[in-house]
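*Asks:* See run_4.cif below, with mmCIF, N, CA and C atoms.
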data_entry
#
loop_
_atom_site.label_atom_id
_atom_site.label_comp_id
_atom_site.auth_asym_id
_atom_site.auth_seq_id
_atom_site.Cartn_x
_atom_site.Cartn_y
_atom_site.Cartn_z
N MET A 194 72.64 -49.91 63.18
CA MET A 194 73.93 -50.46 63.49
C MET A 194 74.24 -51.55 62.46
N PRO A 195 75.45 -51.61 62.02
CA PRO A 195 75.82 -52.64 61.04
C PRO A 195 76.12 -53.98 61.72
N ALA A 196 75.13 -54.50 62.48
CA ALA A 196 75.31 -55.76 63.20
C ALA A 196 73.97 -56.43 63.40
N GLU A 197 74.01 -57.74 63.62
CA GLU A 197 72.80 -58.52 63.88
C GLU A 197 72.16 -58.06 65.19
N LEU A 198 70.86 -58.15 65.24
CA LEU A 198 70.09 -57.72 66.40
C LEU A 198 70.59 -58.40 67.68
N SER A 199 70.86 -59.67 67.65
CA SER A 199 71.29 -60.38 68.87
C SER A 199 72.60 -59.81 69.42
N ALA A 200 73.53 -59.44 68.54
CA ALA A 200 74.81 -58.87 68.98
C ALA A 200 74.60 -57.48 69.57
N VAL A 201 73.75 -56.68 68.94
CA VAL A 201 73.48 -55.33 69.45
C VAL A 201 72.78 -55.43 70.79
N TRP A 202 71.79 -56.32 70.89
CA TRP A 202 71.06 -56.49 72.16
C TRP A 202 72.04 -56.86 73.29
N ALA A 203 72.90 -57.83 73.05
CA ALA A 203 73.85 -58.26 74.08
C ALA A 203 74.71 -57.09 74.55
N ARG A 204 75.05 -56.20 73.65
CA ARG A 204 75.89 -55.05 73.99
C ARG A 204 75.13 -53.99 74.77
N VAL A 205 73.89 -53.69 74.37
CA VAL A 205 73.16 -52.56 74.97
C VAL A 205 72.55 -52.87 76.33
N VAL A 206 72.50 -54.14 76.73
CA VAL A 206 71.96 -54.48 78.05
C VAL A 206 73.07 -54.75 79.06
N ASP A 207 74.32 -54.77 78.61
CA ASP A 207 75.46 -55.07 79.47
C ASP A 207 76.07 -53.78 80.03
N PRO A 208 76.34 -53.71 81.33
CA PRO A 208 76.93 -52.49 81.90
C PRO A 208 78.19 -52.02 81.18
N GLU A 209 79.05 -52.94 80.75
CA GLU A 209 80.26 -52.55 80.02
C GLU A 209 79.90 -51.86 78.70
N GLY A 210 78.92 -52.40 78.00
CA GLY A 210 78.47 -51.79 76.74
C GLY A 210 77.83 -50.44 76.96
N ILE A 211 77.04 -50.31 78.01
CA ILE A 211 76.40 -49.04 78.33
C ILE A 211 77.46 -47.97 78.59
N ASN A 212 78.47 -48.33 79.40
CA ASN A 212 79.53 -47.36 79.69
C ASN A 212 80.35 -47.03 78.46
N TYR A 213 80.57 -47.99 77.58
CA TYR A 213 81.27 -47.71 76.34
C TYR A 213 80.52 -46.64 75.54
N GLU A 214 79.21 -46.77 75.46
CA GLU A 214 78.40 -45.78 74.72
C GLU A 214 78.55 -44.39 75.32
N MET A 215 78.58 -44.29 76.63
CA MET A 215 78.57 -42.99 77.29
C MET A 215 79.94 -42.30 77.33
N ARG A 216 81.02 -43.08 77.25
CA ARG A 216 82.36 -42.50 77.33
C ARG A 216 82.63 -41.58 76.15
N PRO A 217 83.47 -40.58 76.31
CA PRO A 217 84.24 -40.23 77.50
C PRO A 217 83.50 -39.29 78.44
N TRP A 218 82.30 -38.85 78.08
CA TRP A 218 81.61 -37.82 78.85
C TRP A 218 81.12 -38.29 80.21
N MET A 219 80.72 -39.55 80.28
CA MET A 219 80.09 -40.01 81.50
C MET A 219 80.19 -41.53 81.58
N THR A 220 80.13 -42.04 82.81
CA THR A 220 79.95 -43.48 83.03
C THR A 220 78.92 -43.64 84.15
N MET A 221 78.46 -44.87 84.31
CA MET A 221 77.46 -45.16 85.34
C MET A 221 77.85 -46.45 86.04
N THR A 222 77.83 -46.43 87.37
CA THR A 222 78.09 -47.65 88.13
C THR A 222 76.80 -48.46 88.22
N MET A 223 76.92 -49.73 88.46
CA MET A 223 75.75 -50.56 88.78
C MET A 223 75.61 -50.58 90.29
N PRO A 224 74.39 -50.54 90.81
CA PRO A 224 74.22 -50.67 92.26
C PRO A 224 74.81 -51.99 92.77
N ARG A 225 75.30 -51.99 94.01
CA ARG A 225 75.92 -53.20 94.57
C ARG A 225 75.00 -54.41 94.47
N GLN A 226 73.70 -54.20 94.72
CA GLN A 226 72.74 -55.30 94.69
C GLN A 226 72.60 -55.90 93.30
N ALA A 227 73.00 -55.16 92.27
CA ALA A 227 72.86 -55.61 90.89
C ALA A 227 74.19 -56.03 90.28
N SER A 228 75.21 -56.17 91.10
CA SER A 228 76.53 -56.55 90.59
C SER A 228 76.43 -57.87 89.83
N GLY A 229 77.00 -57.89 88.64
CA GLY A 229 77.00 -59.09 87.82
C GLY A 229 75.75 -59.29 86.99
N LEU A 230 74.77 -58.40 87.14
CA LEU A 230 73.53 -58.52 86.38
C LEU A 230 73.57 -57.59 85.17
N THR A 231 72.65 -57.81 84.26
CA THR A 231 72.47 -56.93 83.11
C THR A 231 71.04 -56.42 83.13
N ILE A 232 70.72 -55.49 82.25
CA ILE A 232 69.35 -55.01 82.14
C ILE A 232 68.40 -56.18 81.91
N GLU A 233 68.86 -57.17 81.21
CA GLU A 233 68.04 -58.33 80.88
C GLU A 233 67.78 -59.24 82.09
N THR A 234 68.66 -59.21 83.08
CA THR A 234 68.56 -60.17 84.18
C THR A 234 68.21 -59.56 85.54
N VAL A 235 68.05 -58.25 85.64
CA VAL A 235 67.69 -57.65 86.93
C VAL A 235 66.22 -57.93 87.25
N PRO A 236 65.86 -57.92 88.53
CA PRO A 236 64.44 -58.06 88.89
C PRO A 236 63.66 -56.86 88.37
N LEU A 237 62.54 -57.11 87.72
CA LEU A 237 61.76 -56.02 87.11
C LEU A 237 60.91 -55.29 88.15
N GLY A 238 60.80 -53.98 87.94
CA GLY A 238 59.88 -53.16 88.72
C GLY A 238 60.33 -52.83 90.13
N ARG A 239 61.53 -53.24 90.50
CA ARG A 239 62.04 -52.94 91.84
C ARG A 239 63.27 -52.06 91.73
N PRO A 240 63.32 -50.98 92.52
CA PRO A 240 64.55 -50.17 92.50
C PRO A 240 65.74 -51.03 92.89
N LEU A 241 66.81 -50.90 92.13
CA LEU A 241 68.00 -51.72 92.34
C LEU A 241 69.01 -51.04 93.25
N GLY A 242 68.79 -49.77 93.55
CA GLY A 242 69.74 -49.00 94.34
C GLY A 242 70.32 -47.88 93.49
N ARG A 243 71.29 -47.22 94.07
CA ARG A 243 71.89 -46.06 93.40
C ARG A 243 72.91 -46.47 92.35
N ALA A 244 72.68 -45.99 91.14
CA ALA A 244 73.66 -46.12 90.06
C ALA A 244 74.28 -44.73 89.91
N TRP A 245 75.54 -44.60 90.32
CA TRP A 245 76.19 -43.29 90.29
C TRP A 245 76.60 -42.92 88.88
N LEU A 246 76.32 -41.68 88.51
CA LEU A 246 76.75 -41.10 87.24
C LEU A 246 78.02 -40.31 87.51
N ARG A 247 79.07 -40.58 86.70
CA ARG A 247 80.36 -39.95 86.94
C ARG A 247 80.78 -39.16 85.70
N LEU A 248 80.99 -37.88 85.90
CA LEU A 248 81.47 -37.00 84.84
C LEU A 248 82.88 -37.44 84.45
N LEU A 249 83.11 -37.62 83.15
CA LEU A 249 84.39 -38.07 82.61
C LEU A 249 84.85 -39.40 83.22
N GLY A 250 83.89 -40.15 83.77
CA GLY A 250 84.20 -41.44 84.37
C GLY A 250 84.85 -41.36 85.73
N ILE A 251 84.94 -40.14 86.28
CA ILE A 251 85.68 -39.95 87.54
C ILE A 251 84.84 -39.28 88.62
N VAL A 252 84.26 -38.12 88.33
CA VAL A 252 83.62 -37.27 89.33
C VAL A 252 82.13 -37.60 89.46
N PRO A 253 81.69 -38.16 90.60
CA PRO A 253 80.26 -38.41 90.79
C PRO A 253 79.50 -37.08 90.78
N PHE A 254 78.43 -37.01 89.97
CA PHE A 254 77.67 -35.76 89.90
C PHE A 254 76.17 -35.97 90.07
N ASP A 255 75.70 -37.18 90.01
CA ASP A 255 74.27 -37.47 90.18
C ASP A 255 74.15 -38.97 90.39
N PHE A 256 72.98 -39.42 90.80
CA PHE A 256 72.73 -40.85 90.86
C PHE A 256 71.33 -41.14 90.38
N ASP A 257 71.20 -42.33 89.86
CA ASP A 257 69.95 -42.83 89.31
C ASP A 257 69.46 -43.92 90.25
N GLN A 258 68.23 -43.81 90.74
CA GLN A 258 67.62 -44.90 91.50
C GLN A 258 67.10 -45.89 90.47
N LEU A 259 68.01 -46.67 89.94
CA LEU A 259 67.79 -47.51 88.77
C LEU A 259 66.66 -48.51 88.98
N SER A 260 65.73 -48.54 88.02
CA SER A 260 64.63 -49.50 88.04
C SER A 260 64.25 -49.83 86.60
N ILE A 261 64.38 -51.10 86.25
CA ILE A 261 63.97 -51.57 84.93
C ILE A 261 62.57 -52.13 85.11
N VAL A 262 61.60 -51.60 84.37
CA VAL A 262 60.21 -52.01 84.58
C VAL A 262 59.68 -52.97 83.52
N GLU A 263 60.29 -52.97 82.34
CA GLU A 263 59.84 -53.88 81.29
C GLU A 263 61.05 -54.31 80.46
N VAL A 264 61.05 -55.59 80.08
CA VAL A 264 62.05 -56.11 79.15
C VAL A 264 61.34 -57.07 78.20
N ASP A 265 61.52 -56.83 76.93
CA ASP A 265 61.10 -57.76 75.89
C ASP A 265 62.42 -58.26 75.29
N THR A 266 62.91 -59.38 75.80
CA THR A 266 64.25 -59.86 75.49
C THR A 266 64.54 -59.84 73.99
N GLY A 267 65.68 -59.23 73.68
CA GLY A 267 66.13 -59.15 72.30
C GLY A 267 65.51 -58.02 71.51
N ARG A 268 64.59 -57.27 72.14
CA ARG A 268 63.89 -56.24 71.39
C ARG A 268 63.76 -54.90 72.10
N ARG A 269 63.46 -54.89 73.40
CA ARG A 269 63.10 -53.63 74.05
C ARG A 269 63.29 -53.71 75.56
N PHE A 270 63.68 -52.55 76.14
CA PHE A 270 63.62 -52.40 77.59
C PHE A 270 63.13 -51.02 77.94
N LEU A 271 62.59 -50.90 79.15
CA LEU A 271 62.09 -49.63 79.66
C LEU A 271 62.60 -49.44 81.07
N GLU A 272 63.33 -48.35 81.25
CA GLU A 272 63.80 -47.94 82.58
C GLU A 272 62.92 -46.79 83.03
N ARG A 273 62.44 -46.86 84.26
CA ARG A 273 61.69 -45.76 84.86
C ARG A 273 62.28 -45.53 86.24
N SER A 274 62.97 -44.40 86.38
CA SER A 274 63.74 -44.15 87.60
C SER A 274 63.56 -42.71 88.05
N SER A 275 64.15 -42.42 89.18
CA SER A 275 64.29 -41.04 89.62
C SER A 275 65.78 -40.81 89.84
N MET A 276 66.14 -39.54 89.85
CA MET A 276 67.54 -39.17 90.07
C MET A 276 67.58 -38.05 91.10
N LEU A 277 68.75 -37.75 91.54
CA LEU A 277 68.92 -36.59 92.41
C LEU A 277 68.41 -35.35 91.68
N SER A 278 68.71 -35.24 90.38
CA SER A 278 68.34 -34.06 89.60
C SER A 278 67.00 -34.19 88.88
N MET A 279 66.46 -35.39 88.79
CA MET A 279 65.24 -35.63 88.02
C MET A 279 64.18 -36.32 88.87
N GLN A 280 63.01 -35.74 88.87
CA GLN A 280 61.88 -36.37 89.55
C GLN A 280 61.49 -37.65 88.80
N LEU A 281 61.59 -37.58 87.48
CA LEU A 281 61.29 -38.73 86.63
C LEU A 281 62.33 -38.82 85.53
N TRP A 282 62.82 -40.03 85.29
CA TRP A 282 63.69 -40.34 84.17
C TRP A 282 63.16 -41.63 83.58
N GLU A 283 62.73 -41.57 82.33
CA GLU A 283 62.24 -42.77 81.66
C GLU A 283 62.99 -42.92 80.34
N HIS A 284 63.61 -44.09 80.17
CA HIS A 284 64.38 -44.37 78.96
C HIS A 284 63.89 -45.70 78.39
N GLU A 285 63.37 -45.63 77.18
CA GLU A 285 62.94 -46.82 76.47
C GLU A 285 63.85 -47.00 75.26
N ARG A 286 64.42 -48.18 75.13
CA ARG A 286 65.26 -48.49 73.97
C ARG A 286 64.62 -49.66 73.23
N THR A 287 64.46 -49.47 71.92
CA THR A 287 63.86 -50.49 71.07
C THR A 287 64.83 -50.83 69.94
N LEU A 288 65.01 -52.12 69.70
CA LEU A 288 65.84 -52.59 68.59
C LEU A 288 64.94 -53.23 67.54
N THR A 289 65.21 -52.91 66.27
CA THR A 289 64.45 -53.44 65.16
C THR A 289 65.42 -53.96 64.11
N PRO A 290 65.23 -55.21 63.65
CA PRO A 290 66.11 -55.70 62.58
C PRO A 290 65.85 -54.96 61.28
N THR A 291 66.92 -54.68 60.55
CA THR A 291 66.82 -54.03 59.24
C THR A 291 67.66 -54.81 58.25
N ALA A 292 67.55 -54.46 56.98
CA ALA A 292 68.33 -55.14 55.94
C ALA A 292 69.83 -54.99 56.18
N GLY A 293 70.25 -53.85 56.72
CA GLY A 293 71.68 -53.62 56.93
C GLY A 293 72.16 -53.91 58.33
N GLY A 294 71.30 -54.42 59.21
CA GLY A 294 71.72 -54.69 60.58
C GLY A 294 70.59 -54.48 61.57
N THR A 295 70.72 -53.47 62.41
CA THR A 295 69.77 -53.23 63.48
C THR A 295 69.56 -51.73 63.67
N GLN A 296 68.30 -51.34 63.79
CA GLN A 296 67.98 -49.95 64.12
C GLN A 296 67.81 -49.84 65.63
N VAL A 297 68.44 -48.84 66.22
CA VAL A 297 68.32 -48.58 67.66
C VAL A 297 67.54 -47.28 67.82
N HIS A 298 66.46 -47.33 68.59
CA HIS A 298 65.65 -46.15 68.82
C HIS A 298 65.53 -45.93 70.33
N ASP A 299 65.83 -44.71 70.77
CA ASP A 299 65.70 -44.34 72.18
C ASP A 299 64.62 -43.28 72.33
N ARG A 300 63.79 -43.47 73.35
CA ARG A 300 62.80 -42.46 73.74
C ARG A 300 63.09 -42.12 75.19
N VAL A 301 63.30 -40.85 75.46
CA VAL A 301 63.60 -40.40 76.83
C VAL A 301 62.58 -39.36 77.24
N THR A 302 62.03 -39.56 78.44
CA THR A 302 61.12 -38.60 79.05
C THR A 302 61.71 -38.26 80.41
N PHE A 303 61.68 -36.99 80.77
CA PHE A 303 62.24 -36.62 82.07
C PHE A 303 61.51 -35.40 82.63
N GLN A 304 61.63 -35.25 83.94
CA GLN A 304 61.07 -34.09 84.63
C GLN A 304 62.09 -33.64 85.66
N PRO A 305 62.78 -32.50 85.40
CA PRO A 305 63.77 -32.01 86.36
C PRO A 305 63.12 -31.65 87.70
N ARG A 306 63.86 -31.79 88.77
CA ARG A 306 63.34 -31.44 90.10
C ARG A 306 63.27 -29.92 90.30
N LEU A 307 64.23 -29.19 89.74
CA LEU A 307 64.25 -27.74 89.94
C LEU A 307 63.20 -27.07 89.05
N PRO A 308 62.35 -26.24 89.63
CA PRO A 308 61.29 -25.58 88.85
C PRO A 308 61.78 -24.33 88.12
N ILE A 309 62.77 -24.50 87.26
CA ILE A 309 63.32 -23.40 86.47
C ILE A 309 62.67 -23.46 85.10
N PRO A 310 61.98 -22.40 84.67
CA PRO A 310 61.18 -22.46 83.43
C PRO A 310 61.91 -22.96 82.19
N GLU A 311 63.12 -22.56 81.96
CA GLU A 311 63.84 -22.95 80.74
C GLU A 311 64.62 -24.26 80.87
N LEU A 312 64.66 -24.81 82.08
CA LEU A 312 65.48 -26.00 82.31
C LEU A 312 65.06 -27.22 81.48
N PRO A 313 63.77 -27.55 81.37
CA PRO A 313 63.41 -28.72 80.55
C PRO A 313 63.86 -28.61 79.09
N ALA A 314 63.73 -27.45 78.50
CA ALA A 314 64.16 -27.27 77.10
C ALA A 314 65.68 -27.42 76.97
N LEU A 315 66.42 -26.81 77.89
CA LEU A 315 67.88 -26.93 77.88
C LEU A 315 68.30 -28.38 78.08
N MET A 316 67.71 -29.03 79.07
CA MET A 316 68.04 -30.44 79.33
C MET A 316 67.67 -31.32 78.14
N GLY A 317 66.57 -31.00 77.46
CA GLY A 317 66.17 -31.74 76.27
C GLY A 317 67.24 -31.70 75.20
N ARG A 318 67.84 -30.54 75.00
CA ARG A 318 68.92 -30.42 74.00
C ARG A 318 70.16 -31.21 74.44
N VAL A 319 70.48 -31.15 75.72
CA VAL A 319 71.64 -31.89 76.23
C VAL A 319 71.41 -33.40 76.10
N VAL A 320 70.24 -33.87 76.50
CA VAL A 320 69.92 -35.30 76.41
C VAL A 320 69.92 -35.76 74.96
N ASP A 321 69.36 -34.97 74.06
CA ASP A 321 69.35 -35.32 72.64
C ASP A 321 70.78 -35.45 72.11
N ALA A 322 71.62 -34.49 72.41
CA ALA A 322 73.02 -34.54 71.96
C ALA A 322 73.74 -35.75 72.57
N PHE A 323 73.48 -36.03 73.83
CA PHE A 323 74.13 -37.16 74.50
C PHE A 323 73.72 -38.49 73.86
N PHE A 324 72.45 -38.65 73.53
CA PHE A 324 72.02 -39.90 72.91
C PHE A 324 72.51 -40.02 71.46
N LYS A 325 72.68 -38.91 70.77
CA LYS A 325 73.32 -38.96 69.45
C LYS A 325 74.77 -39.44 69.59
N HIS A 326 75.45 -38.94 70.63
CA HIS A 326 76.80 -39.41 70.93
C HIS A 326 76.80 -40.91 71.20
N ARG A 327 75.87 -41.38 72.01
CA ARG A 327 75.79 -42.81 72.33
C ARG A 327 75.59 -43.65 71.08
N HIS A 328 74.74 -43.18 70.18
CA HIS A 328 74.50 -43.92 68.93
C HIS A 328 75.76 -43.94 68.05
N ARG A 329 76.48 -42.83 68.00
CA ARG A 329 77.74 -42.80 67.23
C ARG A 329 78.74 -43.82 67.80
N ARG A 330 78.84 -43.86 69.13
CA ARG A 330 79.77 -44.79 69.77
C ARG A 330 79.36 -46.24 69.50
N LEU A 331 78.07 -46.50 69.55
CA LEU A 331 77.58 -47.85 69.29
C LEU A 331 77.86 -48.27 67.85
N ARG A 332 77.61 -47.36 66.90
CA ARG A 332 77.93 -47.65 65.49
C ARG A 332 79.42 -47.90 65.32
N ALA A 333 80.25 -47.09 65.97
CA ALA A 333 81.70 -47.25 65.86
C ALA A 333 82.14 -48.60 66.42
N TYR A 334 81.54 -49.01 67.52
CA TYR A 334 81.89 -50.30 68.12
C TYR A 334 81.65 -51.44 67.12
N PHE A 335 80.52 -51.42 66.45
CA PHE A 335 80.19 -52.50 65.52
C PHE A 335 80.86 -52.34 64.16
N ALA A 336 81.38 -51.16 63.87
CA ALA A 336 82.07 -50.95 62.60
C ALA A 336 83.49 -51.49 62.64
N ASP A 337 84.05 -51.62 63.85
CA ASP A 337 85.45 -52.10 64.00
C ASP A 337 85.57 -53.57 63.67
#
Using structure tokens, write down the structure from this file.

*Replies:*
Amino acid sequence: MPAELSAVWARVVDPEGINYEMRPWMTMTMPRQASGLTIETVPLGRPLGRAWLRLLGIVPFDFDQLSIVEVDTGRRFLERSSMLSMQLWEHERTLTPTAGGTQVHDRVTFQPRLPIPELPALMGRVVDAFFKHRHRRLRAYFAD
């Protein structure tokens, strides 16, 4: 990203920034218990409640039992949750300062609930494309 690490970090831990990255394909609500909090300020290791995923920002299609288990402020966070569709959803985001700004790296691990043989490979392609979209949106935000 063509921005300082502190600016990128502030954006990627804030619910508004997260939803900006995901639009227009999807948005995510914060659980009521976490209203006003960010990834950086939620209680660690405790499920925060249901974070609804909305297709096109409108139609609820899944929910995440959101749980942030690790935060290294300004550098890294790790979400380990379950979803209606996923037995396990783990998302780790790491920020690294570079000469031109900040490198954002995402690692996602998941296990679908449905035991369909080809589903993990298909979902892997969808998740990969979605995170490429998120990175494009994040770059665009800082390029403006």

*Asks:* Could you pull out the alpha helix (DSSP H) residues of chain A, going by DSSP on the backbone, and write them as number ranges by chain?

*Replies:* A: 198-205, 208-215, 312-336

*Asks:* Which of these residues is nearest to Arg239 (chain A), using all atoms listed in the file: A:Leu259, A:Leu277, A:Met215, A:Met223?

*Replies:*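 The closest residue to Arg239 (chain A) is A:Leu259.
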
*Asks:* Please write as a list of chain:residue names the list of polymer residues whose atoms come within 5 Å of (63.8, -53.7, 70.6), counting all atoms listed in the file and keeping to the coordinates of the file.

*Replies:*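 Here is the list of nearby residues: A:Gly267, A:Arg268, A:Arg269, A:Arg286, A:Thr287, A:Leu288, A:Thr289.
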
*Asks:* Which residues come within 5 Å of region 195-208 of chain A, counting all atoms listed in the file, excluding same-chain residues fewer than 5 positions away, as a PyMOL selection string?

*Replies:* chain A and resi 231-232+293-295

*Asks:* Quick check, in Å to one decimal: how far apart do atom C of Ser275 (chain A) and atom C of Arg329 (chain A) lie?

*Replies:*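 These two atoms are separated by 25.7 Å.
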
*Asks:* Grab the CA of Pro217 (chain A) to atom C of Glu285 (chain A) distance for me, in Å with one decimal place.

*Replies:*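 Separation between CA of Pro217 (chain A) and atom C of Glu285 (chain A): 21.6 Å.
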
*Asks:* Using all atoms listed in the file for the distances, tell me which of A:Met219, A:Val264, A:Ala322, A:Phe254 is nearest to Leu237 (chain A).

*Replies:*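 Looking at the shortest contact to Leu237 (chain A), the residue is A:Val264.
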
*Asks:* Using the chain letters and numbers from the file, give me the residues hit by the PyMOL selection byres ((chain A and resi 331-336) around 6.5), as a VMD selection string.

*Replies:* chain A and resid 194 to 196 213 to 214 326 to 330 337

*Asks:* Box time for region 252-261 of chain A: axis-aligned, enclosing all its listed atoms, 5 Å extra on each side; report centre and edge lengths in Å to one decimal, as JSON.

*Replies:*
{"center_x": 73.4, "center_y": -43.9, "center_z": 88.2, "size_x": 31.7, "size_y": 26.4, "size_z": 16.6}

*Asks:* Please write the residues picked by the PyMOL selection byres (((chain A and resi 245 and name CA) around 9) and name CA) on this file as a PyMOL selection string.

*Replies:* chain A and resi 220-224+243-244+246-247+253-258

*Asks:* Of the residues A:Leu248, A:Ile261, A:Val319, A:Leu307, which is the one nearest to Gln280 (chain A), using only N, CA and C atoms?

*Replies:*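 Closest residue, counting only N, CA and C atoms: A:Leu307.
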
*Asks:* Could you state the separation of atom N of Met279 (chain A) and atom N of Ala227 (chain A) in Å, given to one decimal place?

*Replies:*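 Result for atom N of Met279 (chain A) versus atom N of Ala227 (chain A): 21.1 Å, one decimal.
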
*Asks:* I'd like the residues picked by the PyMOL selection byres ((chain A and resi 272) around 6.5) written out as a JSON list (two decimals) with N, CA and C atoms, in the coordinates of the input, using the chain letters and numbers from the file.

*Replies:*
[["chain", "number", "residue", "atom", "x", "y", "z"],
["A", 260, "SER", "N", 65.73, -48.54, 88.02],
["A", 260, "SER", "CA", 64.63, -49.50, 88.04],
["A", 260, "SER", "C", 64.25, -49.83, 86.60],
["A", 261, "ILE", "N", 64.38, -51.10, 86.25],
["A", 261, "ILE", "CA", 63.97, -51.57, 84.93],
["A", 261, "ILE", "C", 62.57, -52.13, 85.11],
["A", 262, "VAL", "N", 61.60, -51.60, 84.37],
["A", 262, "VAL", "CA", 60.21, -52.01, 84.58],
["A", 262, "VAL", "C", 59.68, -52.97, 83.52],
["A", 263, "GLU", "N", 60.29, -52.97, 82.34],
["A", 263, "GLU", "CA", 59.84, -53.88, 81.29],
["A", 263, "GLU", "C", 61.05, -54.31, 80.46],
["A", 270, "PHE", "N", 63.68, -52.55, 76.14],
["A", 270, "PHE", "CA", 63.62, -52.40, 77.59],
["A", 270, "PHE", "C", 63.13, -51.02, 77.94],
["A", 271, "LEU", "N", 62.59, -50.90, 79.15],
["A", 271, "LEU", "CA", 62.09, -49.63, 79.66],
["A", 271, "LEU", "C", 62.60, -49.44, 81.07],
["A", 273, "ARG", "N", 62.44, -46.86, 84.26],
["A", 273, "ARG", "CA", 61.69, -45.76, 84.86],
["A", 273, "ARG", "C", 62.28, -45.53, 86.24],
["A", 274, "SER", "N", 62.97, -44.40, 86.38],
["A", 274, "SER", "CA", 63.74, -44.15, 87.60],
["A", 274, "SER", "C", 63.56, -42.71, 88.05],
["A", 282, "TRP", "N", 62.82, -40.03, 85.29],
["A", 282, "TRP", "CA", 63.69, -40.34, 84.17],
["A", 282, "TRP", "C", 63.16, -41.63, 83.58],
["A", 283, "GLU", "N", 62.73, -41.57, 82.33],
["A", 283, "GLU", "CA", 62.24, -42.77, 81.66],
["A", 283, "GLU", "C", 62.99, -42.92, 80.34],
["A", 284, "HIS", "N", 63.61, -44.09, 80.17],
["A", 284, "HIS", "CA", 64.38, -44.37, 78.96],
["A", 284, "HIS", "C", 63.89, -45.70, 78.39],
["A", 285, "GLU", "N", 63.37, -45.63, 77.18],
["A", 285, "GLU", "CA", 62.94, -46.82, 76.47],
["A", 285, "GLU", "C", 63.85, -47.00, 75.26],
["A", 286, "ARG", "N", 64.42, -48.18, 75.13],
["A", 286, "ARG", "CA", 65.26, -48.49, 73.97],
["A", 286, "ARG", "C", 64.62, -49.66, 73.23]]

*Asks:* Enumerate the residues of chain A with a DSSP assignment of strand (DSSP E), computed from the backbone, and present them as a VMD selection string.

*Replies:* chain A and resid 219 to 221 243 to 248 252 to 258 261 to 265 269 to 276 279 to 291 294 to 305
